[in-house]
Structure formats: structure tokens, C-alpha cells
file query-v9.cif (mmCIF, C-alpha atoms and all ligand atoms)
data_coords
loop_
_atom_site.label_atom_id
_atom_site.label_comp_id
_atom_site.auth_asym_id
_atom_site.auth_seq_id
_atom_site.Cartn_x
_atom_site.Cartn_y
_atom_site.Cartn_z
CA MET A 1270 10.33 -23.35 -0.71
CA PHE A 1271 9.07 -20.90 1.92
CA GLY A 1272 11.61 -21.74 4.63
CA MET A 1273 14.52 -19.61 5.67
CA ILE A 1274 16.35 -18.50 2.54
CA GLU A 1275 20.09 -18.18 2.92
CA GLY A 1276 21.21 -14.58 2.76
CA THR A 1277 17.85 -13.11 3.73
CA GLY A 1278 16.89 -11.41 6.96
CA PHE A 1279 15.99 -8.14 8.61
CA GLU A 1280 18.56 -5.62 9.82
CA VAL A 1281 17.35 -3.15 12.42
CA ILE A 1282 19.40 0.05 12.23
CA GLU A 1283 17.08 2.34 14.21
CA PRO A 1284 14.80 0.88 16.92
CA GLU A 1285 11.73 2.29 15.14
CA PHE A 1286 12.25 -0.25 12.34
CA GLN A 1287 11.25 -2.99 14.78
CA ASP A 1288 7.69 -1.61 14.62
CA CYS A 1289 7.62 -2.43 10.90
CA LEU A 1290 8.40 -6.12 11.43
CA ILE A 1291 6.44 -9.22 12.35
CA GLY A 1292 8.60 -11.21 14.75
CA HIS A 1293 8.31 -14.64 13.16
CA ALA A 1294 7.85 -13.53 9.54
CA ARG A 1295 10.57 -14.53 7.11
CA VAL A 1296 11.58 -13.49 3.65
CA GLU A 1297 10.21 -15.95 1.10
CA ARG A 1298 11.58 -16.68 -2.34
CA LEU A 1299 8.42 -17.14 -4.38
CA TRP A 1300 10.01 -17.95 -7.72
CA THR A 1301 13.31 -17.88 -9.55
CA GLY A 1302 14.27 -18.09 -13.22
CA ALA A 1303 14.40 -14.51 -14.50
CA ARG A 1304 17.42 -12.60 -15.78
CA TRP A 1305 16.48 -9.17 -14.45
CA SER A 1306 13.25 -8.82 -12.53
CA GLU A 1307 11.70 -5.36 -12.39
CA GLY A 1308 8.50 -3.41 -12.23
CA PRO A 1309 6.17 -5.27 -9.82
CA ALA A 1310 2.52 -4.14 -9.83
CA TRP A 1311 -0.30 -5.55 -7.72
CA PHE A 1312 -3.75 -6.28 -9.16
CA ALA A 1313 -6.00 -6.19 -6.11
CA ALA A 1314 -9.14 -7.44 -7.87
CA GLY A 1315 -7.38 -10.49 -9.32
CA ARG A 1316 -5.07 -11.12 -6.36
CA TYR A 1317 -2.04 -11.41 -8.58
CA LEU A 1318 1.25 -9.62 -9.13
CA VAL A 1319 2.66 -8.77 -12.54
CA TRP A 1320 6.32 -8.00 -13.09
CA SER A 1321 8.91 -7.73 -15.87
CA ASP A 1322 11.76 -10.06 -16.80
CA ILE A 1323 13.32 -7.46 -19.06
CA PRO A 1324 16.15 -9.33 -20.89
CA ASN A 1325 13.84 -12.29 -21.54
CA ASN A 1326 11.29 -9.87 -23.03
CA ARG A 1327 8.42 -11.22 -20.98
CA MET A 1328 6.13 -10.32 -18.15
CA MET A 1329 5.40 -12.76 -15.37
CA ARG A 1330 2.41 -13.23 -13.06
CA PHE A 1331 2.40 -14.52 -9.48
CA ASP A 1332 -1.02 -15.80 -8.38
CA GLU A 1333 -1.43 -15.18 -4.67
CA THR A 1334 -4.24 -17.70 -4.33
CA ASP A 1335 -2.11 -20.74 -5.10
CA GLY A 1336 1.45 -19.45 -5.36
CA SER A 1337 1.79 -20.34 -9.02
CA VAL A 1338 3.82 -18.31 -11.50
CA SER A 1339 3.12 -18.13 -15.21
CA VAL A 1340 3.96 -15.97 -18.21
CA PHE A 1341 1.65 -12.96 -18.41
CA ARG A 1342 2.85 -11.52 -21.75
CA ASN A 1343 5.52 -12.65 -24.20
CA PRO A 1344 6.88 -10.86 -26.15
CA ALA A 1345 6.45 -7.80 -24.00
CA ASN A 1346 8.45 -5.03 -25.72
CA ASN A 1347 11.03 -5.30 -22.93
CA THR A 1348 8.71 -3.70 -20.38
CA ASN A 1349 10.30 -2.27 -17.27
CA GLY A 1350 8.25 -0.46 -14.59
CA HIS A 1351 4.49 -0.88 -14.18
CA THR A 1352 1.70 0.50 -12.09
CA VAL A 1353 -2.03 -0.05 -11.80
CA ASP A 1354 -4.20 3.04 -12.13
CA ARG A 1355 -7.34 3.86 -10.18
CA GLN A 1356 -9.52 2.18 -12.79
CA GLY A 1357 -7.57 -1.06 -12.36
CA ARG A 1358 -5.68 -0.77 -15.64
CA LEU A 1359 -2.05 -1.71 -16.16
CA VAL A 1360 0.26 1.16 -17.12
CA SER A 1361 3.65 0.02 -18.46
CA CYS A 1362 7.01 1.42 -19.49
CA GLU A 1363 8.32 -0.28 -22.63
CA HIS A 1364 12.02 -0.15 -23.54
CA LEU A 1365 11.91 -1.72 -27.00
CA THR A 1366 9.11 0.48 -28.30
CA ARG A 1367 10.29 3.47 -26.23
CA ARG A 1368 6.86 4.33 -24.93
CA VAL A 1369 4.40 4.23 -22.05
CA THR A 1370 1.25 2.22 -22.67
CA ARG A 1371 -1.95 1.35 -20.88
CA THR A 1372 -3.58 -2.06 -21.16
CA GLU A 1373 -7.30 -1.36 -21.35
CA LEU A 1374 -9.92 -3.49 -19.65
CA ASP A 1375 -10.63 -5.21 -22.99
CA GLY A 1376 -6.93 -6.09 -23.41
CA SER A 1377 -6.10 -3.54 -26.10
CA LEU A 1378 -3.10 -1.22 -25.73
CA THR A 1379 -3.31 2.57 -25.70
CA VAL A 1380 -0.11 4.58 -26.20
CA ILE A 1381 0.15 7.17 -23.43
CA ALA A 1382 3.44 8.71 -24.61
CA ASP A 1383 6.13 7.85 -27.15
CA SER A 1384 7.67 11.23 -27.99
CA TYR A 1385 8.24 14.75 -26.79
CA GLN A 1386 8.06 17.61 -29.28
CA GLY A 1387 8.45 15.17 -32.17
CA LYS A 1388 11.47 13.33 -30.75
CA ARG A 1389 11.22 9.74 -29.57
CA LEU A 1390 11.54 9.06 -25.86
CA ASN A 1391 14.66 7.19 -24.70
CA SER A 1392 13.29 4.18 -22.82
CA PRO A 1393 10.68 4.89 -20.14
CA ASN A 1394 11.69 3.21 -16.90
CA ASP A 1395 9.13 3.68 -14.14
CA VAL A 1396 5.67 5.20 -13.84
CA VAL A 1397 3.13 6.38 -11.27
CA VAL A 1398 -0.43 7.64 -11.64
CA LYS A 1399 -1.66 10.49 -9.45
CA SER A 1400 -5.22 10.56 -8.10
CA ASP A 1401 -6.13 13.28 -10.64
CA GLY A 1402 -5.35 10.84 -13.47
CA SER A 1403 -2.05 12.39 -14.52
CA ILE A 1404 0.67 9.87 -15.43
CA TRP A 1405 4.25 10.60 -14.37
CA PHE A 1406 7.24 8.67 -15.72
CA THR A 1407 11.02 8.73 -15.93
CA ASP A 1408 12.95 8.38 -19.19
CA PRO A 1409 16.59 7.38 -18.69
CA SER A 1410 18.56 5.76 -21.50
CA TYR A 1411 19.09 2.21 -20.17
CA GLY A 1412 16.96 0.60 -22.86
CA ILE A 1413 18.89 2.17 -25.75
CA LEU A 1414 22.48 1.98 -24.47
CA ILE A 1415 22.98 -1.67 -25.41
CA ASP A 1416 20.91 -4.51 -26.87
CA TYR A 1417 20.33 -6.39 -23.61
CA GLU A 1418 17.18 -4.74 -22.25
CA GLY A 1419 15.91 -3.12 -25.44
CA GLU A 1420 17.57 -2.03 -28.66
CA ARG A 1421 20.66 0.11 -29.05
CA ALA A 1422 19.89 3.54 -30.48
CA GLU A 1423 20.86 7.17 -30.25
CA SER A 1424 18.90 9.36 -27.90
CA GLU A 1425 16.79 11.74 -29.97
CA ILE A 1426 16.04 14.01 -27.03
CA GLY A 1427 19.67 13.94 -25.90
CA ALA A 1428 18.85 14.04 -22.18
CA CYS A 1429 16.97 12.06 -19.56
CA HIS A 1430 13.93 13.81 -18.13
CA VAL A 1431 10.89 13.19 -15.97
CA TYR A 1432 7.54 13.73 -17.70
CA ARG A 1433 3.88 14.18 -16.82
CA VAL A 1434 1.03 13.28 -19.16
CA ASP A 1435 -2.23 15.01 -18.25
CA PRO A 1436 -5.69 13.51 -18.82
CA SER A 1437 -5.89 15.90 -21.80
CA ASP A 1438 -2.89 13.95 -23.28
CA ASP A 1439 -0.61 17.00 -23.01
CA ILE A 1440 2.94 15.97 -22.11
CA SER A 1441 5.27 18.19 -20.06
CA ILE A 1442 8.76 17.94 -18.60
CA VAL A 1443 8.53 18.17 -14.81
CA ALA A 1444 12.25 17.67 -14.01
CA GLU A 1445 15.22 18.07 -16.33
CA ASP A 1446 18.18 18.16 -13.96
CA TYR A 1447 18.59 14.39 -13.57
CA VAL A 1448 21.38 12.20 -14.99
CA LYS A 1449 19.38 8.94 -15.01
CA PRO A 1450 15.93 9.47 -13.43
CA ASN A 1451 14.62 6.10 -12.35
CA GLY A 1452 12.09 5.07 -9.68
CA LEU A 1453 9.47 7.52 -8.51
CA ALA A 1454 6.65 7.58 -5.97
CA PHE A 1455 4.30 10.07 -4.35
CA SER A 1456 4.07 10.52 -0.61
CA PRO A 1457 0.75 9.18 0.78
CA ASP A 1458 -0.99 12.58 0.46
CA GLU A 1459 0.66 13.29 -2.93
CA SER A 1460 2.15 16.53 -1.63
CA LEU A 1461 5.64 15.20 -2.35
CA LEU A 1462 7.16 13.33 -5.29
CA TYR A 1463 10.31 11.31 -4.69
CA ILE A 1464 12.54 10.52 -7.68
CA ALA A 1465 15.66 8.33 -7.75
CA ASP A 1466 18.71 9.22 -9.83
CA THR A 1467 20.90 6.23 -10.76
CA GLY A 1468 23.46 8.24 -12.71
CA ALA A 1469 26.24 6.38 -10.85
CA SER A 1470 25.52 3.31 -12.98
CA HIS A 1471 27.56 4.76 -15.86
CA GLN A 1472 29.51 7.54 -14.17
CA ALA A 1473 31.72 6.81 -11.16
CA ASP A 1474 30.94 10.06 -9.37
CA GLY A 1475 27.35 10.14 -10.59
CA PRO A 1476 24.28 10.44 -8.39
CA LYS A 1477 22.91 7.48 -6.44
CA HIS A 1478 20.23 9.14 -4.41
CA ILE A 1479 16.54 9.92 -3.99
CA ARG A 1480 15.43 13.53 -4.25
CA ARG A 1481 12.30 15.05 -2.73
CA HIS A 1482 10.14 17.49 -4.69
CA THR A 1483 7.11 19.47 -3.58
CA VAL A 1484 4.13 18.94 -5.87
CA ASN A 1485 2.54 22.35 -6.50
CA ALA A 1486 -1.17 22.99 -7.08
CA ASP A 1487 -0.58 23.21 -10.86
CA ASN A 1488 1.32 19.88 -10.81
CA SER A 1489 4.68 21.57 -11.33
CA LEU A 1490 7.52 20.55 -9.02
CA SER A 1491 9.65 22.67 -6.72
CA GLY A 1492 12.38 21.80 -4.24
CA GLY A 1493 14.27 18.71 -5.29
CA GLU A 1494 16.79 18.41 -2.49
CA VAL A 1495 18.62 15.12 -1.94
CA LEU A 1496 16.69 13.11 0.64
CA ALA A 1497 19.02 10.11 0.95
CA THR A 1498 22.13 8.74 -0.74
CA CYS A 1499 22.36 4.99 -1.25
CA THR A 1500 24.92 3.31 1.01
CA ASN A 1501 25.07 0.09 -1.02
CA GLY A 1502 24.59 0.16 -4.78
CA LEU A 1503 21.80 2.26 -6.25
CA PHE A 1504 18.25 3.22 -5.36
CA ASP A 1505 16.26 2.01 -8.37
CA GLY A 1506 12.51 1.56 -7.78
CA PHE A 1507 10.66 2.14 -4.50
CA ARG A 1508 7.26 2.58 -2.85
CA CYS A 1509 5.93 4.49 0.16
CA ASP A 1510 3.94 2.96 2.99
CA ARG A 1511 0.94 4.69 4.57
CA ASP A 1512 3.11 6.35 7.21
CA GLY A 1513 5.38 7.88 4.58
CA ARG A 1514 8.37 5.57 4.92
CA ILE A 1515 10.17 4.77 1.68
CA TRP A 1516 10.92 1.12 0.90
CA THR A 1517 13.60 1.23 -1.76
CA SER A 1518 15.75 -1.16 -3.73
CA ALA A 1519 19.52 -1.36 -3.13
CA ALA A 1520 22.35 -3.79 -3.86
CA ASP A 1521 22.01 -5.68 -0.57
CA GLY A 1522 18.24 -5.76 -0.41
CA VAL A 1523 15.52 -3.31 0.50
CA HIS A 1524 16.41 -0.17 2.45
CA CYS A 1525 13.71 1.41 4.59
CA LEU A 1526 13.98 5.18 4.89
CA ALA A 1527 12.09 7.28 7.42
CA PRO A 1528 10.18 10.19 5.85
CA ASP A 1529 13.13 12.43 6.75
CA GLY A 1530 15.49 10.18 4.76
CA ARG A 1531 17.19 8.31 7.62
CA LEU A 1532 18.04 4.68 6.87
CA ILE A 1533 16.22 2.84 9.67
CA GLY A 1534 16.49 -0.76 8.53
CA LYS A 1535 16.97 -3.27 5.75
CA ILE A 1536 15.41 -6.40 4.35
CA LEU A 1537 18.47 -8.37 3.29
CA ILE A 1538 18.22 -10.14 -0.06
CA PRO A 1539 21.06 -12.22 -1.58
CA GLU A 1540 20.68 -10.58 -5.02
CA PHE A 1541 20.54 -7.00 -6.31
CA VAL A 1542 17.06 -5.61 -5.79
CA SER A 1543 15.54 -3.47 -8.54
CA ASN A 1544 12.07 -2.62 -7.30
CA VAL A 1545 9.33 -3.42 -4.81
CA CYS A 1546 5.58 -3.03 -4.35
CA PHE A 1547 3.01 -3.68 -1.66
CA GLY A 1548 0.36 -6.29 -2.31
CA GLY A 1549 -2.02 -8.74 -0.76
CA PRO A 1550 -5.60 -7.94 0.26
CA ARG A 1551 -4.35 -5.63 3.02
CA LEU A 1552 -1.27 -4.32 1.19
CA ASN A 1553 0.94 -5.59 3.99
CA ARG A 1554 3.08 -7.91 1.92
CA LEU A 1555 6.11 -6.38 0.22
CA PHE A 1556 6.95 -8.02 -3.11
CA ILE A 1557 10.61 -7.68 -4.01
CA CYS A 1558 12.14 -8.06 -7.46
CA GLY A 1559 15.68 -9.37 -6.89
CA THR A 1560 17.53 -10.02 -10.16
CA THR A 1561 16.64 -13.67 -10.93
CA SER A 1562 13.94 -14.07 -8.32
CA LEU A 1563 10.72 -12.80 -6.81
CA TYR A 1564 10.80 -12.48 -3.02
CA ALA A 1565 8.16 -11.35 -0.52
CA ALA A 1566 7.87 -10.51 3.14
CA PHE A 1567 4.84 -9.77 5.31
CA LEU A 1568 5.30 -6.55 7.28
CA ALA A 1569 3.52 -4.73 10.09
CA VAL A 1570 3.00 -1.75 7.79
CA ASN A 1571 0.70 -1.24 4.81
CA GLY A 1572 1.26 0.19 1.37
CA VAL A 1573 -0.58 3.23 0.09
CA SER A 1574 -3.89 2.10 -1.37
CA PRO A 1575 -4.22 3.06 -5.01
CA VAL A 1576 -7.97 3.72 -4.65
MG MG B 1 13.90 1.28 -12.58
#

call {"tool": "encode", "arguments": {"input": "query-v9.cif", "output": "C-alpha cells"}}
result
Amino acid sequence: MFGMIEGTGFEVIEPEFQDCLIGHARVERLWTGARWSEGPAWFAAGRYLVWSDIPNNRMMRFDETDGSVSVFRNPANNTNGHTVDRQGRLVSCEHLTRRVTRTELDGSLTVIADSYQGKRLNSPNDVVVKSDGSIWFTDPSYGILIDYEGERAESEIGACHVYRVDPSDDISIVAEDYVKPNGLAFSPDESLLYIADTGASHQADGPKHIRRHTVNADNSLSGGEVLATCTNGLFDGFRCDRDGRIWTSAADGVHCLAPDGRLIGKILIPEFVSNVCFGGPRLNRLFICGTTSLYAAFLAVNGVSPV
């Protein structure tokens, strides 16, 4: 099960990528059986990973201690992206119910956001929590376009924005010039926010890039220049490591971008990759959601600690 998987490997494009790799480490396929894997989130205290199998309307759990995989939640409102906040709580984007929720420590659900100025959100896709407790999420329309990963519906807002929910529960638009805002992640010091636009999924000449915004003292964004354009498929979800590299999904695997946006290497995966996250006790294992399967690779770099 953990031997060399056909179609996997590491591609060094710039010599500096070699420093990210462990010579004998291989890509492992930990599990297969999903339709579209997305939204991995690492629970450090429990040593397990949760992720979404969106079309099957369930969430899965990989237990690092024994390698077992089980159903975490079913039905799951077609959840997509997840993160774990600094209090160890799961924060989830739900397509079917068109909202962002938090699973409290007692298991109950709190709705973080389901509308903006009285209009329902489209289908929240991916979410991050900043150290000040604000919750930032993207709201493209993938969950309401067809019935496969949610339920077909008209967009009430009529556009796809990026939002921030403050600890006071106030919700604001932080970016409104995206076609299909998708993955997002802060730089290690939270001075920058990277946001992917996957507009090319439904528009031939649409965007397929990651943009870089400066996070201002009042949590507004400025800048927004294109950092990198995807050379194979789309950048969907991604995470930063502690040195500021971006590990992002693409059609042929995981692309590693230097902080200046240069593609320095790839982890090759034989299925479309949707999202990644760092896990393990030292956050040096990259978990990779690749369509039907969950993959992982140990690296010589570490993810940004959430606490
Ligand atoms: Mg996504």
C-alpha cells in the first residue's frame, strides 16, 4: 500500500526545490474510494485528518496512529474546504446549505455566515482563520451550478466574492474582482493573503492564477497582483510552509511556488489535485487530496503552525 505508486514522484525544476525533499521519501496513497476529495484539515490534538468527499456528501477521517480511514460525518451538507481554528475547532464551507459553520467542542454547529445583506451566499469553497479570530472565505458558485456537489440554484448575490467575518460577527467583502475565488492562505506572518481564481473552469480565457494581496492594519486588502499562473490545470486549494513557499494543487499534482511566485518543483500525482494541508506532529507531512484518493508525502519543510 505504501510502496511506489505509479505516476507519483518529485520533479525538481529549480535546484532549491531539492532542499524541500527527503531523498528516500515517496508519495504514499493512503486511501482511495472518493469521488472528489477536497478540504483537508489537520487536527493536531487528535492526530487525524478530516477531508471532504463532496459528491458523496460525506466527510472522511484518516487516523495517523494506525492508518485507518473512516467516515467522519454523513450526510455532511456537501462540505468543501475546512480549517481548524486556534481553539481547535473545525470551520467548514458547506455547499448544500450555502454557509460557513463551526463545529464547537461539544459537537454542535454554529453558523458563521450564510448571507450578505440579506442575500444567500453562493456556495462557500475554502476558509482560513487569522490569528485575530477573523474568518476569511471564498464564495464561488460551484455548489449551485449543477446538482453534483450541492444543489442547483440561482445566485442571489449575482457575483463571487471573498468575505471576512470579524469576531463581532460583522461580515464584509474584502475582494470583489474575482471570477471564481477559490483557495486562500495567509503568508506565515499574515502580512499577505494569497487567493486563487479558478475562473478558467467555466470560461476558456478565464483566470487560472493566484493573486497576492497585502493585508492592511484594518484587515482590508490592497495590491492583488497576479503572483503565478497555473501551467497545468487550475490552482484550487493551497497552503504555505514556514518559509513562505506555496504548495498548491494543479492538474498534474502539487506545484511548489517560491514566495516570489516561481514554480520550483512538483509532487507528481496521477489524479487531479484539489487541495493540500500540512499535518503530522511536526507539520512536515503534506496531505494531498487527489480526486478519488488521499495521498501524502513527508517533506523537509514544515507547515505554518496554527497556534
Ligand atoms: Mg477549492

call {"tool": "atom_distance", "arguments": {"input": "query-v9.cif", "atom1": "CA of Asp1529 in chain A", "atom2": "CA of Ile1442 in chain A"}}
result
26.3 Å

call {"tool": "residues_near_point", "arguments": {"input": "query-v9.cif", "point": "(9.3, 18.9, 0.1)", "cutoff": "9 Å", "atoms": "only C-alpha atoms", "output": "ChimeraX atom specification"}}
result
/A:1460-1462,1481-1484,1491-1494

call {"tool": "closest_residue", "arguments": {"input": "query-v9.cif", "among": "A:Thr1277, A:Ser1339, A:Asn1349, A:Thr1370", "to": "Tyr1411 in chain A", "atoms": "only C-alpha atoms"}}
result
A:Asn1349

call {"tool": "residues_around", "arguments": {"input": "query-v9.cif", "residues": "range 1427-1436 of chain A", "least_positions_apart": "5", "cutoff": "10 Å", "atoms": "all atoms listed in the file", "output": "PDB file with C-alpha atoms, keeping the file's coordinate frame"}}
result
ATOM      1  CA  ILE A1381       0.150   7.170 -23.430  1.00  0.00           C
ATOM      2  CA  ALA A1382       3.440   8.710 -24.610  1.00  0.00           C
ATOM      3  CA  TYR A1385       8.240  14.750 -26.790  1.00  0.00           C
ATOM      4  CA  LYS A1388      11.470  13.330 -30.750  1.00  0.00           C
ATOM      5  CA  LEU A1390      11.540   9.060 -25.860  1.00  0.00           C
ATOM      6  CA  ASN A1391      14.660   7.190 -24.700  1.00  0.00           C
ATOM      7  CA  SER A1392      13.290   4.180 -22.820  1.00  0.00           C
ATOM      8  CA  PRO A1393      10.680   4.890 -20.140  1.00  0.00           C
ATOM      9  CA  ASP A1395       9.130   3.680 -14.140  1.00  0.00           C
ATOM     10  CA  VAL A1396       5.670   5.200 -13.840  1.00  0.00           C
ATOM     11  CA  VAL A1397       3.130   6.380 -11.270  1.00  0.00           C
ATOM     12  CA  VAL A1398      -0.430   7.640 -11.640  1.00  0.00           C
ATOM     13  CA  LYS A1399      -1.660  10.490  -9.450  1.00  0.00           C
ATOM     14  CA  ASP A1401      -6.130  13.280 -10.640  1.00  0.00           C
ATOM     15  CA  GLY A1402      -5.350  10.840 -13.470  1.00  0.00           C
ATOM     16  CA  SER A1403      -2.050  12.390 -14.520  1.00  0.00           C
ATOM     17  CA  ILE A1404       0.670   9.870 -15.430  1.00  0.00           C
ATOM     18  CA  TRP A1405       4.250  10.600 -14.370  1.00  0.00           C
ATOM     19  CA  PHE A1406       7.240   8.670 -15.720  1.00  0.00           C
ATOM     20  CA  THR A1407      11.020   8.730 -15.930  1.00  0.00           C
ATOM     21  CA  ASP A1408      12.950   8.380 -19.190  1.00  0.00           C
ATOM     22  CA  PRO A1409      16.590   7.380 -18.690  1.00  0.00           C
ATOM     23  CA  SER A1410      18.560   5.760 -21.500  1.00  0.00           C
ATOM     24  CA  SER A1441       5.270  18.190 -20.060  1.00  0.00           C
ATOM     25  CA  ILE A1442       8.760  17.940 -18.600  1.00  0.00           C
ATOM     26  CA  VAL A1443       8.530  18.170 -14.810  1.00  0.00           C
ATOM     27  CA  ALA A1444      12.250  17.670 -14.010  1.00  0.00           C
ATOM     28  CA  GLU A1445      15.220  18.070 -16.330  1.00  0.00           C
ATOM     29  CA  ASP A1446      18.180  18.160 -13.960  1.00  0.00           C
ATOM     30  CA  TYR A1447      18.590  14.390 -13.570  1.00  0.00           C
ATOM     31  CA  VAL A1448      21.380  12.200 -14.990  1.00  0.00           C
ATOM     32  CA  LYS A1449      19.380   8.940 -15.010  1.00  0.00           C
ATOM     33  CA  PRO A1450      15.930   9.470 -13.430  1.00  0.00           C
ATOM     34  CA  ASN A1451      14.620   6.100 -12.350  1.00  0.00           C
ATOM     35  CA  LEU A1453       9.470   7.520  -8.510  1.00  0.00           C
ATOM     36  CA  ILE A1464      12.540  10.520  -7.680  1.00  0.00           C
ATOM     37  CA  ASN A1488       1.320  19.880 -10.810  1.00  0.00           C
ATOM     38  CA  SER A1489       4.680  21.570 -11.330  1.00  0.00           C
TER      39      SER A1489
END

call {"tool": "residues_near_ligand", "arguments": {"input": "query-v9.cif", "ligand": "ligand MG 1 (chain B)", "cutoff": "8 Å", "atoms": "only C-alpha atoms and all ligand atoms", "output": "number ranges by chain"}}
result
A: 1307-1308, 1349-1350, 1394-1395, 1451-1452, 1505-1506, 1543-1544

call {"tool": "closest_residue", "arguments": {"input": "query-v9.cif", "among": "A:Ser1562, A:Thr1366, A:Asn1325, A:Ser1377", "to": "Ala1422 in chain A", "atoms": "all atoms listed in the file"}}
result
A:Thr1366

call {"tool": "build_atoms", "arguments": {"input": "query-v9.cif", "residues": "range 1370-1381 of chain A", "atoms": "N, CA, C and O atoms", "output": "PDB file, in the coordinates of the input"}}
result
ATOM      1  N   THR A1370       2.548   2.676 -22.181  1.00  0.00           N
ATOM      2  CA  THR A1370       1.250   2.220 -22.670  1.00  0.00           C
ATOM      3  C   THR A1370       0.322   1.878 -21.513  1.00  0.00           C
ATOM      4  O   THR A1370       0.763   1.678 -20.379  1.00  0.00           O
ATOM      5  N   ARG A1371      -0.956   1.813 -21.844  1.00  0.00           N
ATOM      6  CA  ARG A1371      -1.950   1.350 -20.880  1.00  0.00           C
ATOM      7  C   ARG A1371      -2.669   0.166 -21.493  1.00  0.00           C
ATOM      8  O   ARG A1371      -3.072   0.207 -22.665  1.00  0.00           O
ATOM      9  N   THR A1372      -2.797  -0.908 -20.722  1.00  0.00           N
ATOM     10  CA  THR A1372      -3.580  -2.060 -21.160  1.00  0.00           C
ATOM     11  C   THR A1372      -5.021  -1.830 -20.708  1.00  0.00           C
ATOM     12  O   THR A1372      -5.298  -1.759 -19.507  1.00  0.00           O
ATOM     13  N   GLU A1373      -5.908  -1.673 -21.663  1.00  0.00           N
ATOM     14  CA  GLU A1373      -7.300  -1.360 -21.350  1.00  0.00           C
ATOM     15  C   GLU A1373      -8.008  -2.594 -20.794  1.00  0.00           C
ATOM     16  O   GLU A1373      -7.514  -3.717 -20.885  1.00  0.00           O
ATOM     17  N   LEU A1374      -9.193  -2.385 -20.273  1.00  0.00           N
ATOM     18  CA  LEU A1374      -9.920  -3.490 -19.650  1.00  0.00           C
ATOM     19  C   LEU A1374     -10.301  -4.565 -20.668  1.00  0.00           C
ATOM     20  O   LEU A1374     -10.535  -5.718 -20.307  1.00  0.00           O
ATOM     21  N   ASP A1375     -10.337  -4.200 -21.963  1.00  0.00           N
ATOM     22  CA  ASP A1375     -10.630  -5.210 -22.990  1.00  0.00           C
ATOM     23  C   ASP A1375      -9.345  -5.843 -23.555  1.00  0.00           C
ATOM     24  O   ASP A1375      -9.395  -6.641 -24.488  1.00  0.00           O
ATOM     25  N   GLY A1376      -8.181  -5.483 -22.982  1.00  0.00           N
ATOM     26  CA  GLY A1376      -6.930  -6.090 -23.410  1.00  0.00           C
ATOM     27  C   GLY A1376      -6.177  -5.315 -24.469  1.00  0.00           C
ATOM     28  O   GLY A1376      -5.018  -5.628 -24.751  1.00  0.00           O
ATOM     29  N   SER A1377      -6.801  -4.321 -25.067  1.00  0.00           N
ATOM     30  CA  SER A1377      -6.100  -3.540 -26.100  1.00  0.00           C
ATOM     31  C   SER A1377      -5.111  -2.574 -25.442  1.00  0.00           C
ATOM     32  O   SER A1377      -5.239  -2.250 -24.260  1.00  0.00           O
ATOM     33  N   LEU A1378      -4.122  -2.125 -26.232  1.00  0.00           N
ATOM     34  CA  LEU A1378      -3.100  -1.220 -25.730  1.00  0.00           C
ATOM     35  C   LEU A1378      -3.360   0.197 -26.239  1.00  0.00           C
ATOM     36  O   LEU A1378      -3.647   0.400 -27.420  1.00  0.00           O
ATOM     37  N   THR A1379      -3.239   1.158 -25.344  1.00  0.00           N
ATOM     38  CA  THR A1379      -3.310   2.570 -25.700  1.00  0.00           C
ATOM     39  C   THR A1379      -1.942   3.179 -25.435  1.00  0.00           C
ATOM     40  O   THR A1379      -1.369   2.961 -24.363  1.00  0.00           O
ATOM     41  N   VAL A1380      -1.400   3.911 -26.407  1.00  0.00           N
ATOM     42  CA  VAL A1380      -0.110   4.580 -26.200  1.00  0.00           C
ATOM     43  C   VAL A1380      -0.356   5.867 -25.419  1.00  0.00           C
ATOM     44  O   VAL A1380      -1.107   6.744 -25.864  1.00  0.00           O
ATOM     45  N   ILE A1381       0.274   5.969 -24.264  1.00  0.00           N
ATOM     46  CA  ILE A1381       0.150   7.170 -23.430  1.00  0.00           C
ATOM     47  C   ILE A1381       1.161   8.219 -23.881  1.00  0.00           C
ATOM     48  O   ILE A1381       0.856   9.404 -23.952  1.00  0.00           O
TER      49      ILE A1381
END
